[in-house]
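Visitor: Below is protein.txt; it holds compact mmCIF, C-alpha atoms.
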# COMPACT_ATOMS: atom_id res chain seq x y z
CA MET A 29 -24.39 16.78 14.89
CA THR A 30 -22.56 15.59 17.97
CA ARG A 31 -22.29 11.90 18.58
CA ARG A 32 -22.01 10.30 21.97
CA PHE A 33 -19.13 7.88 22.05
CA ARG A 34 -17.08 6.37 24.81
CA ARG A 35 -13.45 7.35 25.04
CA PRO A 36 -11.40 4.23 25.61
CA ARG A 37 -9.20 4.09 28.71
CA ARG A 38 -5.74 5.19 27.67
CA GLN A 39 -2.15 5.01 28.77
CA PRO A 40 -0.02 8.18 29.04
CA GLY A 41 1.69 7.59 25.67
CA GLU A 42 -1.69 7.16 24.03
CA LEU A 43 -2.93 10.47 25.39
CA GLU A 44 0.11 12.17 23.89
CA THR A 45 -0.88 10.65 20.56
CA GLU A 46 -4.45 11.94 20.82
CA VAL A 47 -3.32 15.44 21.75
CA LEU A 48 -0.84 15.54 18.89
CA ALA A 49 -3.44 14.17 16.47
CA ALA A 50 -5.92 16.86 17.54
CA LEU A 51 -3.41 19.68 17.01
CA TRP A 52 -2.38 18.37 13.59
CA GLY A 53 -5.97 17.66 12.61
CA GLU A 54 -7.34 21.09 13.52
CA GLY A 55 -4.42 22.77 11.79
CA ARG A 56 -4.33 25.88 13.97
CA PRO A 57 -2.69 26.80 17.29
CA MET A 58 -4.83 25.68 20.22
CA THR A 59 -4.91 26.47 23.92
CA ALA A 60 -5.09 23.74 26.57
CA THR A 61 -8.85 24.34 26.93
CA GLU A 62 -9.41 23.89 23.20
CA VAL A 63 -7.32 20.73 23.15
CA GLN A 64 -9.30 19.40 26.10
CA GLU A 65 -12.57 20.03 24.24
CA SER A 66 -11.30 18.31 21.12
CA VAL A 67 -9.68 15.30 22.74
CA ASP A 68 -11.85 14.52 25.71
CA THR A 69 -13.97 16.82 27.86
CA GLU A 70 -13.76 14.37 30.74
CA LEU A 71 -9.99 14.65 30.80
CA ALA A 72 -8.64 16.80 33.66
CA TYR A 73 -7.40 20.20 32.53
CA THR A 74 -4.13 19.74 34.42
CA THR A 75 -3.51 16.44 32.60
CA VAL A 76 -3.87 18.21 29.25
CA VAL A 77 -1.47 20.94 30.36
CA THR A 78 1.04 18.33 31.54
CA ILE A 79 0.91 16.51 28.21
CA LEU A 80 1.22 19.73 26.22
CA THR A 81 4.23 20.77 28.30
CA ARG A 82 5.86 17.38 27.86
CA LEU A 83 5.34 17.48 24.07
CA HIS A 84 6.75 21.01 24.02
CA ASP A 85 9.83 19.83 25.96
CA LYS A 86 10.31 16.99 23.48
CA GLY A 87 10.30 19.51 20.65
CA SER A 88 7.10 18.22 19.04
CA LEU A 89 5.17 21.44 19.74
CA THR A 90 5.86 25.15 19.66
CA ARG A 91 3.96 27.56 21.84
CA ALA A 92 3.16 31.25 21.82
CA LYS A 93 1.61 33.41 24.52
CA GLN A 94 -2.04 34.04 23.78
CA GLY A 95 -3.65 36.28 26.39
CA ARG A 96 -3.05 34.62 29.74
CA SER A 97 -2.30 31.15 28.42
CA PHE A 98 -0.21 29.44 25.74
CA ALA A 99 -1.39 28.42 22.29
CA TYR A 100 0.31 25.24 21.04
CA ALA A 101 1.07 24.23 17.45
CA PRO A 102 2.89 21.18 16.02
CA VAL A 103 6.46 21.57 14.71
CA GLU A 104 6.41 21.02 10.96
CA ASP A 105 10.06 20.76 9.85
CA GLU A 106 10.75 17.18 10.85
CA ALA A 107 7.29 16.03 9.85
CA GLY A 108 7.78 17.60 6.42
CA LEU A 109 11.10 15.86 5.90
CA ALA A 110 9.73 12.53 7.08
CA ALA A 111 6.72 12.99 4.80
CA ARG A 112 8.91 13.49 1.73
CA ARG A 113 10.91 10.36 2.49
CA MET A 114 7.83 8.34 3.33
CA ARG A 115 6.12 9.48 0.16
CA THR A 116 8.99 8.13 -1.93
CA LEU A 117 8.84 4.87 0.00
CA LEU A 118 5.09 4.53 -0.41
CA ASP A 119 5.45 5.13 -4.15
CA THR A 120 8.19 2.53 -4.59
CA GLN A 121 6.27 -0.28 -2.93
CA PRO A 122 3.03 -0.90 -4.82
CA ASN A 123 2.31 -3.98 -2.71
CA ARG A 124 2.77 -2.26 0.61
CA ALA A 125 -0.63 -3.47 1.73
CA GLN A 126 0.98 -6.89 2.04
CA VAL A 127 3.51 -5.70 4.57
CA LEU A 128 1.68 -3.12 6.64
CA ALA A 129 -1.94 -3.03 7.65
CA ARG A 130 -3.34 0.20 6.26
CA PHE A 131 -6.43 1.90 7.54
CA VAL A 132 -8.11 2.04 4.14
CA SER A 133 -7.39 0.54 0.74
CA ASN A 134 -8.13 2.20 -2.57
CA LEU A 135 -11.64 2.56 -3.91
CA SER A 136 -12.93 1.73 -7.37
CA ALA A 137 -15.64 3.95 -8.87
CA THR A 138 -18.30 1.39 -7.87
CA ASP A 139 -16.89 1.16 -4.34
CA GLU A 140 -17.09 4.92 -4.06
CA ARG A 141 -20.78 5.03 -5.01
CA THR A 142 -21.60 2.14 -2.66
CA LEU A 143 -19.70 3.77 0.15
CA LYS A 144 -21.34 7.16 -0.30
CA SER A 145 -24.82 5.66 -0.28
CA LEU A 146 -23.98 3.56 2.80
CA LEU A 147 -22.79 6.63 4.67
CA ARG A 148 -25.80 8.66 3.49
CA ASP A 149 -28.25 6.00 4.67
CA ALA A 150 -26.46 5.79 8.00
CA GLY A 151 -26.69 9.55 8.40
CA GLN A 152 -30.46 9.57 7.74
CA GLU A 153 -31.34 6.97 10.32
CA MET B 15 3.70 -40.25 -7.69
CA ASP B 16 -0.03 -39.76 -7.21
CA GLY B 17 0.25 -39.14 -3.45
CA VAL B 18 2.86 -36.45 -3.82
CA VAL B 19 0.67 -34.35 -6.11
CA ILE B 20 -2.02 -34.00 -3.41
CA PRO B 21 -0.24 -31.28 -1.37
CA LEU B 22 0.51 -29.37 -4.58
CA LEU B 23 -3.13 -29.14 -5.60
CA LEU B 24 -4.94 -29.04 -2.26
CA PRO B 25 -4.64 -25.24 -1.94
CA LEU B 26 -7.34 -25.16 -4.65
CA ALA B 27 -9.66 -26.86 -2.16
CA ALA B 28 -8.90 -24.06 0.30
CA TRP B 29 -10.52 -21.44 -1.94
CA PRO B 30 -14.05 -22.06 -0.63
CA LEU B 31 -12.58 -21.38 2.82
CA THR B 32 -12.34 -17.68 2.01
CA ARG B 33 -16.11 -17.66 1.37
CA LEU B 34 -16.97 -19.67 4.46
CA ALA B 35 -14.69 -17.57 6.66
CA ALA B 36 -16.39 -14.36 5.47
CA GLY B 37 -19.30 -14.96 7.85
CA ALA B 38 -17.15 -15.96 10.83
CA PRO B 39 -15.97 -13.60 13.57
CA PRO B 40 -12.86 -11.90 12.11
CA ARG B 41 -10.46 -13.14 14.77
CA LEU B 42 -11.41 -16.78 14.17
CA ALA B 43 -11.31 -16.27 10.40
CA VAL B 44 -7.79 -14.82 10.56
CA TRP B 45 -6.50 -17.72 12.67
CA LEU B 46 -8.22 -20.32 10.51
CA LEU B 47 -7.07 -18.90 7.17
CA THR B 48 -3.51 -18.19 8.29
CA SER B 49 -2.91 -21.60 9.83
CA ALA B 50 -4.42 -23.32 6.79
CA ALA B 51 -2.23 -21.24 4.46
CA VAL B 52 0.95 -21.95 6.41
CA THR B 53 0.34 -25.72 6.63
CA LEU B 54 -0.64 -26.01 2.97
CA ALA B 55 2.39 -24.00 1.85
CA SER B 56 4.76 -26.10 3.98
CA ALA B 57 3.24 -29.34 2.72
CA SER B 58 3.38 -28.33 -0.92
CA THR B 59 6.99 -27.13 -0.61
CA ALA B 60 7.88 -30.41 1.11
CA ALA B 61 6.19 -32.34 -1.70
CA LEU B 62 8.19 -30.41 -4.30
CA ALA B 63 11.34 -31.16 -2.33
CA VAL B 64 10.48 -34.89 -2.20
CA LEU B 65 9.98 -34.99 -5.96
CA THR B 66 13.21 -33.09 -6.53
CA VAL B 67 15.19 -35.38 -4.23
CA ALA B 68 13.65 -38.41 -5.96
CA GLY B 69 14.81 -36.95 -9.26
CA LEU B 70 18.28 -36.19 -7.96
CA SER B 71 18.62 -39.68 -6.52
CA LEU B 72 18.55 -41.07 -10.05
CA LEU B 73 21.65 -39.12 -11.06
CA PRO B 74 24.70 -41.40 -11.04
CA PRO B 75 27.00 -38.99 -9.09
CA VAL B 76 24.38 -38.53 -6.36
CA ALA B 77 23.71 -42.27 -6.20
CA GLN B 78 27.42 -42.94 -5.94
CA PHE B 79 27.81 -40.42 -3.14
CA GLY B 80 24.87 -41.88 -1.21
CA GLU B 81 25.92 -45.43 -2.07
CA TRP B 82 22.72 -46.71 -3.61
CA SER B 83 21.95 -48.05 -7.02
CA PRO B 84 19.93 -45.79 -9.32
CA GLN B 85 18.70 -48.88 -11.22
CA ASP B 86 16.72 -50.04 -8.19
CA LEU B 87 15.14 -46.61 -7.75
CA ARG B 88 14.21 -46.28 -11.37
CA GLY B 89 11.50 -48.89 -10.98
CA MET B 90 9.62 -47.04 -8.23
CA ASP B 91 6.46 -45.15 -9.10
CA ILE B 92 7.62 -41.87 -7.52
CA ALA B 93 10.49 -41.62 -9.95
CA SER B 94 9.07 -40.34 -13.20
CA VAL B 95 11.72 -38.19 -14.72
CA PRO B 96 9.74 -35.45 -16.54
CA TRP B 97 7.71 -34.72 -13.39
CA GLU B 98 10.81 -34.43 -11.31
CA ILE B 99 12.53 -32.06 -13.70
CA VAL B 100 9.42 -29.85 -13.65
CA SER B 101 9.08 -29.95 -9.87
CA GLY B 102 12.78 -29.29 -9.39
CA ALA B 103 12.47 -26.23 -11.62
CA VAL B 104 9.31 -25.07 -9.83
CA LEU B 105 10.93 -25.54 -6.42
CA GLY B 106 13.93 -23.52 -7.54
CA LEU B 107 11.74 -20.73 -8.94
CA VAL B 108 9.53 -20.64 -5.87
CA LEU B 109 12.47 -20.49 -3.47
CA VAL B 110 14.25 -17.80 -5.46
CA SER B 111 11.14 -15.63 -5.88
CA THR B 112 10.24 -16.01 -2.21
CA GLY B 113 13.77 -15.05 -1.26
CA ILE B 114 13.66 -11.99 -3.50
CA SER B 115 10.27 -10.88 -2.19
CA VAL B 116 11.33 -11.35 1.44
CA GLN B 117 14.49 -9.37 0.83
CA ARG B 118 12.63 -6.60 -1.00
CA LYS B 119 10.02 -6.26 1.77
CA HIS B 120 12.69 -6.32 4.42
CA ARG B 121 14.61 -3.53 2.70
CA TRP B 122 11.43 -1.48 2.28
CA LEU B 123 10.44 -1.91 5.92
CA ARG B 124 13.92 -0.90 6.99
CA GLY B 125 13.48 2.27 4.95
CA VAL B 126 10.17 2.99 6.65
CA MET B 127 11.71 2.41 10.07
CA ARG B 128 14.68 4.63 9.29
CA THR B 129 12.34 7.40 8.14
CA ILE B 130 10.40 7.10 11.36
CA ALA B 131 13.59 7.14 13.40
CA SER B 132 14.65 10.31 11.58
CA THR B 133 11.68 12.14 13.08
CA ALA B 134 13.66 11.65 16.31
CA GLU B 135 10.61 11.81 18.49
CA SER B 136 9.72 9.43 21.23
CA THR B 137 6.00 9.71 20.54
CA GLU B 138 3.77 6.85 19.43
CA LEU B 139 2.33 9.01 16.65
CA VAL B 140 4.32 10.01 13.57
CA VAL B 141 2.58 12.71 11.55
CA LEU B 142 3.46 13.25 7.91
CA ALA B 143 2.89 16.85 6.88
CA ASP B 144 2.47 17.41 3.18
CA ALA B 145 1.66 13.79 2.21
CA PRO B 146 -1.47 12.19 0.72
CA PRO B 147 -4.05 10.94 3.25
CA VAL B 148 -2.62 7.68 4.61
CA ALA B 149 -2.68 5.89 7.92
CA PHE B 150 -0.88 2.71 8.90
CA ALA B 151 0.68 0.95 11.84
CA VAL B 152 4.39 0.09 11.91
CA PRO B 153 4.76 -2.86 14.29
CA PHE B 154 8.46 -2.58 15.08
CA HIS B 155 10.39 -0.61 17.70
CA GLY B 156 7.56 -0.56 20.18
CA GLY B 157 4.92 0.15 17.54
CA ARG B 158 4.28 3.46 15.83
CA ILE B 159 1.22 4.89 14.16
CA VAL B 160 1.94 6.82 10.98
CA VAL B 161 -0.77 9.22 9.83
CA SER B 162 -0.60 12.07 7.38
CA GLN B 163 -1.86 15.47 8.35
CA ALA B 164 -4.32 15.36 5.44
CA MET B 165 -5.93 12.25 6.96
CA LEU B 166 -6.23 13.81 10.42
CA ALA B 167 -7.73 16.98 8.93
CA ALA B 168 -10.39 14.97 7.06
CA LEU B 169 -11.80 13.49 10.27
CA THR B 170 -13.77 14.81 13.25
CA PRO B 171 -12.25 14.42 16.76
CA GLY B 172 -14.34 11.30 17.38
CA GLU B 173 -13.35 9.74 14.08
CA ARG B 174 -9.72 10.53 14.80
CA CYS B 175 -10.05 8.64 18.05
CA ALA B 176 -11.53 5.68 16.13
CA LEU B 177 -8.67 5.72 13.64
CA LEU B 178 -6.02 5.73 16.37
CA THR B 179 -7.81 2.96 18.28
CA HIS B 180 -8.00 0.90 15.07
CA GLU B 181 -4.26 1.24 14.42
CA ARG B 182 -3.49 0.38 18.04
CA ALA B 183 -5.60 -2.76 17.68
CA HIS B 184 -3.34 -3.82 14.77
CA LEU B 185 -0.30 -3.33 16.97
CA ARG B 186 -1.72 -4.91 20.10
CA HIS B 187 -3.01 -8.03 18.38
CA ARG B 188 0.15 -8.43 16.28
CA HIS B 189 -1.69 -8.42 12.97
CA HIS B 190 1.55 -8.03 11.07
CA VAL B 191 2.54 -11.60 12.05
CA PHE B 192 -0.53 -12.98 10.26
CA LEU B 193 0.05 -10.75 7.23
CA ILE B 194 3.70 -11.77 6.95
CA LEU B 195 2.97 -15.49 7.39
CA VAL B 196 0.15 -15.58 4.86
CA SER B 197 2.10 -13.57 2.30
CA LEU B 198 5.07 -15.92 2.73
CA ALA B 199 2.72 -18.88 2.24
CA ALA B 200 1.24 -17.29 -0.89
CA SER B 201 4.67 -16.77 -2.40
CA LEU B 202 5.58 -20.43 -1.71
CA ASN B 203 2.41 -21.61 -3.45
CA LEU B 204 0.68 -19.20 -5.82
CA LEU B 205 -2.60 -21.08 -5.43
CA LEU B 206 -2.82 -19.66 -1.90
CA TRP B 207 -3.08 -16.08 -3.19
CA PRO B 208 -6.85 -15.76 -2.47
CA LEU B 209 -6.20 -16.64 1.18
CA ARG B 210 -3.76 -13.75 1.44
CA SER B 211 -6.29 -11.10 0.45
CA ALA B 212 -8.93 -12.76 2.64
CA VAL B 213 -6.62 -12.50 5.65
CA ALA B 214 -5.76 -8.88 4.80
CA PHE B 215 -9.49 -8.09 4.80
CA GLN B 216 -10.29 -10.02 7.97
CA VAL B 217 -7.42 -8.33 9.82
CA GLU B 218 -9.05 -4.95 9.08
CA ARG B 219 -12.42 -6.28 10.21
CA TRP B 220 -10.82 -7.56 13.41
CA ALA B 221 -9.33 -4.13 14.16
CA ASP B 222 -12.68 -2.50 13.31
CA GLU B 223 -14.48 -4.74 15.80
CA VAL B 224 -11.90 -4.09 18.53
CA THR B 225 -12.37 -0.36 17.89
CA CYS B 226 -16.16 -0.68 18.18
CA ALA B 227 -15.82 -2.51 21.47
CA ARG B 228 -13.57 0.23 22.86
CA VAL B 229 -15.31 3.27 21.42
CA GLY B 230 -18.82 1.92 21.75
CA ASP B 231 -20.25 3.54 18.62
CA ARG B 232 -20.35 1.44 15.44
CA ARG B 233 -21.57 4.33 13.32
CA LEU B 234 -18.66 6.51 14.36
CA VAL B 235 -16.19 3.79 13.35
CA ALA B 236 -18.07 3.27 10.07
CA SER B 237 -17.91 6.95 9.21
CA ALA B 238 -14.23 7.12 10.14
CA VAL B 239 -13.43 4.25 7.76
CA GLY B 240 -15.69 5.63 5.03
CA LYS B 241 -14.44 9.21 5.22
CA ALA B 242 -10.83 8.09 5.36
CA ALA B 243 -11.30 5.99 2.22
CA LEU B 244 -13.00 8.86 0.39
CA ALA B 245 -10.21 11.23 1.44
CA ALA B 246 -7.52 8.78 0.29
CA ARG B 247 -9.26 8.32 -3.06
CA THR B 248 -8.94 11.95 -4.17
CA THR B 249 -5.16 11.79 -4.33
CA GLY B 250 -4.61 9.29 -7.12
CA ALA B 251 -2.66 6.73 -5.13
CA PRO B 252 -1.02 3.85 -7.08
CA LEU B 253 -3.42 1.76 -9.13
CA ALA B 254 -2.11 -1.55 -7.83
CA LEU B 255 -4.08 -1.16 -4.63
CA ALA B 256 -7.41 -0.95 -6.41
CA ALA B 257 -7.13 -4.71 -6.90
CA THR B 258 -8.22 -5.28 -3.31
CA GLY B 259 -11.68 -4.38 -4.68
CA GLY B 260 -14.55 -3.41 -2.50
CA SER B 261 -13.05 -4.16 0.89
CA VAL B 262 -13.88 -0.74 2.35
CA PRO B 263 -17.60 -0.81 1.43
CA ARG B 264 -17.82 -4.33 2.89
CA ARG B 265 -16.20 -3.16 6.11
CA VAL B 266 -18.51 -0.17 6.39
CA ALA B 267 -21.55 -2.34 5.66
CA ALA B 268 -20.47 -4.79 8.36
CA LEU B 269 -20.06 -1.93 10.83
CA LEU B 270 -23.47 -0.43 10.05
CA ASP B 271 -25.27 -3.75 10.05
CA THR B 272 -27.03 -3.84 13.40
CA ARG B 273 -28.97 -7.00 12.63
CA PRO B 274 -27.73 -10.16 14.31
CA ARG B 275 -25.40 -12.33 12.24
CA ARG B 276 -26.96 -14.19 9.35
CA PRO B 277 -28.53 -17.43 10.63
CA GLY B 278 -26.11 -19.65 8.73
CA TRP B 279 -22.89 -18.16 10.06
CA ARG B 280 -22.33 -20.74 12.78
CA PHE B 281 -22.84 -23.59 10.35
CA ALA B 282 -20.61 -21.93 7.75
CA THR B 283 -17.88 -21.35 10.33
CA VAL B 284 -17.97 -24.93 11.60
CA THR B 285 -17.95 -26.25 8.02
CA GLY B 286 -15.06 -23.94 7.22
CA ALA B 287 -13.08 -25.06 10.25
CA MET B 288 -13.67 -28.72 9.45
CA LEU B 289 -12.75 -28.20 5.82
CA ALA B 290 -9.56 -26.41 6.86
CA ILE B 291 -8.58 -29.17 9.27
CA ALA B 292 -9.36 -31.91 6.75
CA ILE B 293 -7.45 -30.22 3.93
CA THR B 294 -4.39 -29.38 5.98
CA ALA B 295 -4.27 -32.80 7.66
CA TRP B 296 -4.59 -34.57 4.32
CA SER B 297 -1.96 -32.35 2.77
CA ALA B 298 0.51 -32.79 5.63
CA GLN B 299 -0.10 -36.54 5.76
CA ALA B 300 0.40 -36.92 2.00
CA SER B 301 3.72 -35.08 1.99
CA VAL B 302 5.03 -36.92 5.07
CA GLU B 303 4.00 -40.23 3.53
CA ALA B 304 5.71 -39.39 0.25
CA ALA B 305 8.89 -38.42 2.10
CA ALA B 306 8.79 -41.63 4.18
CA ASP B 307 8.17 -43.66 1.03
CA LEU B 308 11.12 -42.09 -0.75
CA HIS B 309 13.31 -42.71 2.29
CA THR B 310 12.35 -46.40 2.39
CA ARG B 311 13.04 -46.81 -1.32
CA ILE B 312 16.44 -45.19 -1.07
CA GLU B 313 17.24 -47.32 1.97
CA ALA B 314 16.28 -50.44 0.05
CA ALA B 315 18.25 -49.36 -3.02
CA SER B 316 21.22 -48.63 -0.84
CA LEU B 317 21.03 -52.05 0.85
CA SER B 318 20.84 -53.92 -2.43
CA HIS B 319 23.73 -51.78 -3.66
CA HIS B 320 25.85 -52.92 -0.72
CA HIS B 321 24.88 -56.56 -1.24
CA ALA B 322 25.78 -56.36 -4.91
CA HIS B 323 29.15 -54.85 -4.16
CA ARG B 324 29.95 -57.25 -1.37
CA SER B 325 29.27 -60.28 -3.55
CA ASP B 326 31.49 -58.69 -6.24
CA GLY B 327 34.20 -58.43 -3.63
CA VAL B 328 34.53 -54.68 -4.14
CA ILE B 329 33.70 -53.84 -0.53
CA GLY B 330 35.51 -56.79 0.82
CA GLU B 331 37.61 -55.15 3.49
CA ARG B 332 35.02 -55.69 6.16
CA PRO B 333 35.70 -59.36 7.01
CA ASP B 334 39.44 -58.67 6.64
CA ALA B 335 39.17 -55.75 9.01
CA GLN B 336 37.29 -57.86 11.50
CA ALA B 337 39.97 -60.53 11.28
CA ALA B 338 42.66 -57.91 11.77
CA THR B 339 40.89 -56.54 14.84
CA ARG B 340 40.54 -60.01 16.23
CA ALA B 341 44.22 -60.68 15.63
CA HIS B 342 45.12 -57.41 17.28
CA LEU B 343 43.01 -58.18 20.33
CA GLN B 344 44.60 -61.54 20.73
Would you mind writing the structure in this file as structure tokens?

Guide:
Amino acid sequence: MTRRFRRPRRQPGELETEVLAALWGEGRPMTATEVQESVDTELAYTTVVTILTRLHDKGSLTRAKQGRSFAYAPVEDEAGLAARRMRTLLDTQPNRAQVLARFVSNLSATDERTLKSLLRDAGQE
Amino acid sequence: MDGVVIPLLLPLAAWPLTRLAAGAPPRLAVWLLTSAAVTLASASTAALAVLTVAGLSLLPPVAQFGEWSPQDLRGMDIASVPWEIVSGAVLGLVLVSTGISVQRKHRWLRGVMRTIASTAESTELVVLADAPPVAFAVPFHGGRIVVSQAMLAALTPGERCALLTHERAHLRHRHHVFLILVSLAASLNLLLWPLRSAVAFQVERWADEVTCARVGDRRLVASAVGKAALAARTTGAPLALAATGGSVPRRVAALLDTRPRRPGWRFATVTGAMLAIAITAWSAQASVEAAADLHTRIEAASLSHHHAHRSDGVIGERPDAQAATRAHLQ
């Protein structure tokens, strides 16, 4: 099931974000072509390579030779450390929703049922 | 007395606003609710301050310092001692608790920012490996988006794009300013609490709508929100958040609803706006009037105090001083 959606126009920093998000989300090393497919097929291949190189230079990505091209993967050490600290912080502030806008809030059992049926109905249309 | 109580209780009249604003476009609802909350909180704090000052003005040392007579003030209707003791105590409590909550949030945010800085990367995105599925925007230092790997893994590429666009909308439209203002207002007057959660919900709706406009696929945004919520649920996050009750299903329903807005929304929005303006104007006017009234009374009491003393000859230096000046000039 592939959906047609419009990729919003982005600034260079935003493209970096999308590339990084794709690599973390897929959870496996990816070549520039694979990243291009995941992020945006209309994006120029050279742009993807430039971004991957820049992220590698910054130390956010590692790369390994795979055939004739490089396969890129995110660097986990710093992210792991940040995650541990952030986890403690998120646990110590029960009212964090007041301070930061979070993508989703918690669900009650009723919410969960409602949500599942909403998504199911949407899928059937 | 009666006039001063108006700003303290008017926030109750703002409760229907949360209902009326529910049908309005989110951006308008956020502005309406936040400005109402801020005005009402300022007016009610001012009213508490007026009552407290009125109470203090009756104390002999204060009266002596300000040179007015407490006897003259005692007769005025604003000065009813039990009320003033209560409002003084409430004002103190409110200010202390607001101070504590501001300080606590500030410290927590500083911790979040320090953690982000420790990742030492100049990227907009901060990924948390090995953390429960969360996603939020941190509005400081140029704006960062914090997402856990678990959240990214739960979504398709398109949904990921929707999530990032949503978080960017929070940053671009400065949603944190509204959240901070309304939460400050709610801690100054507890009756404003329902407005706080209404704003928190409408801010999410606003970002959802911005995302739809940019991505052009409402169903994609709906499934991103829905899947993210289901992913976050499996990890037993703190119970306190469950109190926000049903906001995700309402957001998803709003995103999937392709029908035009309910016929009454325009009427409801206009009514809501008028109600908000009426309530806030009344509240502000009542507290300003009470303050002006108190000022006049104190002025009057102070004048009669001077007269009394002058006739007693206690403050009698003035004519002497004038005579001395005249003598000096000659």

Visitor: From the options A:Leu48, A:Val77, A:Gln39, A:Ser97, which residue's atoms come nearest to chain B, counting only C-alpha atoms?

Guide: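 So, comparing all the options, the nearest one is A:Leu48.
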
Visitor: What is the distance between CA of Arg56 (chain A) and CA of Tyr100 (chain A), in Å to one decimal?

Guide: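 Computing it gives 8.5 Å between the two atoms.
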
Visitor: State, in Å with one decimal place, the distance from CA of Thr120 (chain A) to CA of Met127 (chain B).

Guide: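 Interatomic distance here is 15.1 Å.
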
Visitor: Counting all atoms listed in the file, figure out which residue out of B:Val141, B:Leu109, B:Val67, B:Ala298 gets nearest to Ala200 (chain B).

Guide: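 Using all atoms listed in the file, the shortest distance to Ala200 (chain B) belongs to B:Leu109.
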
Visitor: Give the answer as one residue: which of B:Val76, B:Ile194, B:Arg311, B:Pro146 has the shortest atom-to-atom distance to Val116 (chain B), using only C-alpha atoms?

Guide: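 The shortest atom-to-atom distance to Val116 (chain B) comes from B:Ile194.
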
Visitor: Have a look at B:Arg121, B:Arg219, B:Arg188, B:Arg228 and name the one nearest to chain A; count all atoms listed in the file.

Guide: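 Checking each candidate against chain A, we get B:Arg228 as the closest.
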
Visitor: Of the candidates A:Glu70, A:Asp105, A:Asp139, A:Asp85, which one gets nearest to chain B if we count all atoms listed in the file?

Guide: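 That would be A:Asp139, the residue with the smallest distance to chain B.
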
Visitor: Quick one: residues within 9 Å of Met165 (chain B), all atoms listed in the file, excluding same-chain residues fewer than 5 positions away - as a ChimeraX atom specification?

Guide: /A:53 /B:146-149,174,242,245-246

Visitor: Just want the 10 Å neighbourhood of Leu128 (chain A), counted on all atoms listed in the file, with same-chain residues fewer than 6 positions away dropped. Output as an MDAnalysis selection string.

Guide: chainID B and resid 123 150:153 184 189:190 193:194 214

Visitor: Kindly give the distance, in Å, that separates CA of Thr66 (chain B) and CA of Val52 (chain B), rounded to a single decimal.

Guide: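 A separation of 21.0 Å between them.
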